[in-house]
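Colleague: The following file, input_12.cif, comprises mmCIF, N, CA and C atoms:
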```cif
data_model
#
loop_
_atom_site.label_atom_id
_atom_site.label_comp_id
_atom_site.auth_asym_id
_atom_site.auth_seq_id
_atom_site.Cartn_x
_atom_site.Cartn_y
_atom_site.Cartn_z
N MET G 1 146.61 149.09 79.86
CA MET G 1 146.59 149.83 78.62
C MET G 1 145.33 150.69 78.58
N ASP G 2 145.47 151.93 78.19
CA ASP G 2 144.33 152.85 78.11
C ASP G 2 143.77 152.79 76.69
N TYR G 3 142.74 151.97 76.50
CA TYR G 3 142.18 151.76 75.18
C TYR G 3 141.49 153.00 74.63
N ASP G 4 141.05 153.90 75.50
CA ASP G 4 140.40 155.12 75.03
C ASP G 4 141.38 156.06 74.35
N ARG G 5 142.67 155.88 74.60
CA ARG G 5 143.68 156.78 74.01
C ARG G 5 144.33 156.20 72.77
N LEU G 6 143.95 155.00 72.38
CA LEU G 6 144.51 154.41 71.17
C LEU G 6 143.95 155.10 69.94
N GLU G 7 144.73 155.10 68.89
CA GLU G 7 144.23 155.66 67.63
C GLU G 7 143.09 154.79 67.12
N PRO G 8 142.13 155.40 66.43
CA PRO G 8 141.03 154.60 65.88
C PRO G 8 141.57 153.57 64.89
N PRO G 9 140.98 152.38 64.88
CA PRO G 9 141.45 151.37 63.94
C PRO G 9 141.17 151.78 62.49
N SER G 10 142.00 151.27 61.60
CA SER G 10 141.79 151.55 60.19
C SER G 10 140.62 150.71 59.68
N ALA G 11 140.16 151.02 58.49
CA ALA G 11 139.05 150.27 57.89
C ALA G 11 139.42 148.79 57.76
N ASP G 12 140.68 148.50 57.40
CA ASP G 12 141.12 147.11 57.28
C ASP G 12 141.06 146.40 58.63
N GLU G 13 141.45 147.09 59.70
CA GLU G 13 141.41 146.49 61.03
C GLU G 13 139.97 146.22 61.46
N ILE G 14 139.09 147.15 61.17
CA ILE G 14 137.68 146.98 61.54
C ILE G 14 137.09 145.79 60.80
N GLU G 15 137.38 145.66 59.52
CA GLU G 15 136.86 144.52 58.76
C GLU G 15 137.43 143.21 59.31
N TYR G 16 138.71 143.20 59.65
CA TYR G 16 139.32 142.01 60.25
C TYR G 16 138.61 141.64 61.54
N LEU G 17 138.38 142.61 62.41
CA LEU G 17 137.70 142.36 63.68
C LEU G 17 136.28 141.85 63.46
N ARG G 18 135.61 142.38 62.46
CA ARG G 18 134.25 141.90 62.14
C ARG G 18 134.29 140.44 61.70
N ARG G 19 135.29 140.09 60.88
CA ARG G 19 135.42 138.70 60.42
C ARG G 19 135.70 137.78 61.60
N VAL G 20 136.59 138.20 62.50
CA VAL G 20 136.90 137.39 63.67
C VAL G 20 135.65 137.20 64.53
N GLU G 21 134.88 138.27 64.71
CA GLU G 21 133.67 138.15 65.52
C GLU G 21 132.65 137.22 64.86
N ARG G 22 132.51 137.31 63.53
CA ARG G 22 131.60 136.39 62.83
C ARG G 22 132.04 134.94 63.01
N MET G 23 133.35 134.68 62.93
CA MET G 23 133.85 133.32 63.13
C MET G 23 133.60 132.86 64.56
N ALA G 24 133.77 133.74 65.53
CA ALA G 24 133.52 133.39 66.92
C ALA G 24 132.05 133.03 67.13
N HIS G 25 131.16 133.79 66.50
CA HIS G 25 129.73 133.47 66.59
C HIS G 25 129.45 132.11 65.94
N ALA G 26 130.13 131.80 64.84
CA ALA G 26 129.93 130.51 64.17
C ALA G 26 130.37 129.36 65.08
N VAL G 27 131.46 129.55 65.80
CA VAL G 27 131.93 128.52 66.73
C VAL G 27 130.90 128.33 67.85
N ALA G 28 130.39 129.42 68.39
CA ALA G 28 129.37 129.33 69.45
C ALA G 28 128.11 128.64 68.93
N GLU G 29 127.69 128.97 67.72
CA GLU G 29 126.50 128.33 67.14
C GLU G 29 126.72 126.83 66.96
N ALA G 30 127.94 126.42 66.57
CA ALA G 30 128.23 125.00 66.43
C ALA G 30 128.13 124.30 67.79
N ALA G 31 128.60 124.96 68.85
CA ALA G 31 128.51 124.39 70.19
C ALA G 31 127.04 124.25 70.62
N VAL G 32 126.21 125.21 70.24
CA VAL G 32 124.77 125.12 70.53
C VAL G 32 124.19 123.89 69.83
N ARG G 33 124.51 123.75 68.54
CA ARG G 33 123.98 122.61 67.78
C ARG G 33 124.44 121.27 68.37
N GLU G 34 125.66 121.25 68.92
CA GLU G 34 126.17 120.03 69.54
C GLU G 34 125.59 119.82 70.94
N GLY G 35 124.92 120.84 71.48
CA GLY G 35 124.21 120.69 72.73
C GLY G 35 125.01 120.91 74.00
N TRP G 36 126.16 121.60 73.93
CA TRP G 36 126.94 121.77 75.15
C TRP G 36 127.30 123.20 75.49
N LEU G 37 126.97 124.17 74.70
CA LEU G 37 127.31 125.55 75.02
C LEU G 37 126.61 125.97 76.30
N SER G 38 127.34 126.65 77.18
CA SER G 38 126.75 127.09 78.44
C SER G 38 127.16 128.52 78.74
N PHE G 39 126.17 129.36 79.05
CA PHE G 39 126.45 130.71 79.50
C PHE G 39 126.59 130.74 81.02
N CYS G 40 126.26 129.63 81.66
CA CYS G 40 126.38 129.50 83.11
C CYS G 40 127.81 129.05 83.43
N PRO G 41 128.16 128.96 84.71
CA PRO G 41 129.48 128.42 85.05
C PRO G 41 129.67 127.05 84.40
N ASP G 42 130.89 126.77 83.99
CA ASP G 42 131.18 125.52 83.30
C ASP G 42 130.92 124.31 84.19
N PRO G 43 130.31 123.27 83.63
CA PRO G 43 130.13 122.05 84.40
C PRO G 43 131.48 121.37 84.64
N PRO G 44 131.58 120.57 85.66
CA PRO G 44 132.87 119.93 85.98
C PRO G 44 133.40 119.07 84.84
N GLU G 45 132.51 118.51 84.03
CA GLU G 45 132.96 117.62 82.95
C GLU G 45 133.37 118.37 81.67
N ALA G 46 133.29 119.68 81.66
CA ALA G 46 133.66 120.45 80.45
C ALA G 46 135.14 120.29 80.17
N THR G 47 135.45 120.04 78.91
CA THR G 47 136.85 119.93 78.50
C THR G 47 137.46 121.34 78.43
N PRO G 48 138.78 121.45 78.38
CA PRO G 48 139.40 122.76 78.23
C PRO G 48 138.90 123.52 76.99
N SER G 49 138.68 122.81 75.90
CA SER G 49 138.16 123.46 74.69
C SER G 49 136.75 123.98 74.91
N GLN G 50 135.92 123.20 75.56
CA GLN G 50 134.55 123.63 75.86
C GLN G 50 134.56 124.83 76.80
N GLN G 51 135.45 124.82 77.79
CA GLN G 51 135.56 125.95 78.70
C GLN G 51 135.93 127.22 77.94
N ALA G 52 136.86 127.09 76.99
CA ALA G 52 137.29 128.25 76.20
C ALA G 52 136.17 128.76 75.32
N VAL G 53 135.44 127.86 74.67
CA VAL G 53 134.32 128.27 73.81
C VAL G 53 133.22 128.90 74.66
N ASN G 54 132.92 128.33 75.82
CA ASN G 54 131.92 128.92 76.70
C ASN G 54 132.32 130.33 77.13
N ALA G 55 133.59 130.51 77.49
CA ALA G 55 134.07 131.84 77.88
C ALA G 55 133.96 132.82 76.72
N MET G 56 134.31 132.38 75.51
CA MET G 56 134.19 133.24 74.34
C MET G 56 132.74 133.61 74.09
N ALA G 57 131.83 132.64 74.19
CA ALA G 57 130.41 132.90 73.96
C ALA G 57 129.86 133.87 75.00
N ARG G 58 130.27 133.71 76.27
CA ARG G 58 129.83 134.65 77.30
C ARG G 58 130.32 136.05 76.99
N SER G 59 131.56 136.16 76.53
CA SER G 59 132.11 137.47 76.18
C SER G 59 131.35 138.09 75.02
N LEU G 60 131.03 137.28 74.01
CA LEU G 60 130.26 137.79 72.87
C LEU G 60 128.88 138.25 73.30
N ARG G 61 128.25 137.50 74.19
CA ARG G 61 126.89 137.80 74.60
C ARG G 61 126.81 138.96 75.59
N PHE G 62 127.74 138.98 76.55
CA PHE G 62 127.60 139.92 77.66
C PHE G 62 128.65 141.03 77.69
N GLY G 63 129.76 140.86 77.02
CA GLY G 63 130.83 141.86 77.06
C GLY G 63 130.72 142.83 75.89
N HIS G 64 130.70 144.11 76.20
CA HIS G 64 130.62 145.11 75.15
C HIS G 64 131.61 146.22 75.43
N SER G 65 132.02 146.89 74.39
CA SER G 65 132.96 148.00 74.49
C SER G 65 132.28 149.28 74.02
N HIS G 66 132.74 150.38 74.55
CA HIS G 66 132.22 151.68 74.13
C HIS G 66 132.39 151.82 72.62
N GLY G 67 131.32 152.18 71.94
CA GLY G 67 131.38 152.41 70.50
C GLY G 67 131.32 151.15 69.66
N ASP G 68 130.95 150.00 70.26
CA ASP G 68 130.92 148.78 69.46
C ASP G 68 129.64 148.62 68.64
N GLY G 69 128.73 149.59 68.77
CA GLY G 69 127.51 149.54 67.97
C GLY G 69 126.38 148.77 68.61
N CYS G 70 126.62 148.17 69.76
CA CYS G 70 125.56 147.44 70.46
C CYS G 70 124.74 148.40 71.30
N ALA G 71 123.47 148.10 71.41
CA ALA G 71 122.61 148.92 72.25
C ALA G 71 123.03 148.76 73.70
N ASP G 72 122.96 149.84 74.45
CA ASP G 72 123.27 149.81 75.88
C ASP G 72 122.17 149.03 76.58
N PRO G 73 122.51 147.93 77.29
CA PRO G 73 121.47 147.15 77.94
C PRO G 73 120.66 147.95 78.95
N ALA G 74 121.21 149.05 79.46
CA ALA G 74 120.49 149.88 80.42
C ALA G 74 119.39 150.69 79.75
N ARG G 75 119.47 150.86 78.43
CA ARG G 75 118.46 151.63 77.71
C ARG G 75 117.30 150.71 77.36
N THR G 76 116.12 151.13 77.72
CA THR G 76 114.95 150.29 77.46
C THR G 76 114.31 150.58 76.11
N ASP G 77 114.69 151.71 75.50
CA ASP G 77 114.06 152.07 74.24
C ASP G 77 114.81 151.53 73.02
N GLY G 78 115.94 150.84 73.25
CA GLY G 78 116.71 150.27 72.14
C GLY G 78 117.57 151.26 71.41
N SER G 79 117.58 152.52 71.86
CA SER G 79 118.40 153.51 71.18
C SER G 79 119.87 153.27 71.47
N ARG G 80 120.70 153.85 70.64
CA ARG G 80 122.15 153.70 70.80
C ARG G 80 122.73 155.02 71.24
N PRO G 81 123.82 154.94 72.02
CA PRO G 81 124.45 156.19 72.48
C PRO G 81 125.00 157.01 71.35
#
```
The structure in this file should be written as structure tokens.

Modeller:
Amino acid sequence: MDYDRLEPPSADEIEYLRRVERMAHAVAEAAVREGWLSFCPDPPEATPSQQAVNAMARSLRFGHSHGDGCADPARTDGSRP
């Protein structure tokens, strides 16, 4: 799918996506408090749920999309494109 050619999301869709992202961050924070969140490869004893939460947290931390409002990690001055 060519995501660059999709129509821009509506305001309702953007708010929904923001809510989903906030909930995902809350799940990752709960895993941190429980002491098992890992940004490294999953340990052999990780349950399927832990593996899924770890993958989600890695995506939140390291995965970005064009226009998502995050600073480009290649930019050292913190400016945004």

Colleague: Between atom CA of Ile14 of chain G and atom CA of Val27 of chain G, what is the distance in Å, rounded to a tenth?

Modeller: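 Taking atom CA of Ile14 of chain G as the start and atom CA of Val27 of chain G as the end point, the length is 20.0 Å.
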
Colleague: Quick check, in Å to one decimal: how far apart do atom C of Arg22 of chain G and atom CA of Pro48 of chain G lie?

Modeller: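 Rounded to one decimal, the two atoms are 20.8 Å apart.
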
Colleague: What is the atom CA of Gln50 of chain G-atom CA of Arg19 of chain G distance in Å, reported with one decimal?

Modeller: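 If I compute the distance from atom CA of Gln50 of chain G to atom CA of Arg19 of chain G, I get 21.6 Å.
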
Colleague: Return the single residue from G:Leu17, G:Leu60, G:Ala11, G:Ala24 that is closest to Phe39 of chain G, with distances computed using only C-alpha atoms.

Modeller: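 Answer, going by the shortest atom-to-atom distance: G:Leu60.
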
Colleague: Go ahead and find all residues with at least one atom no further than 10 Å from (128.6, 131.8, 77.5) in the file's coordinates, using only C-alpha atoms; report them as a PyMOL selection string.

Modeller: chain G and resi 28+37-42+51-62

Colleague: Centre and edge lengths of an axis-aligned box around all listed atoms of segment 39-45 of chain G, with 6 Å added on each side, are to be given in Å to one decimal, as lines of an AutoDock Vina configuration file.

Modeller:
```
center_x = 129.8
center_y = 124.2
center_z = 82.5
size_x = 19.2
size_y = 25.1
size_z = 18.9
```
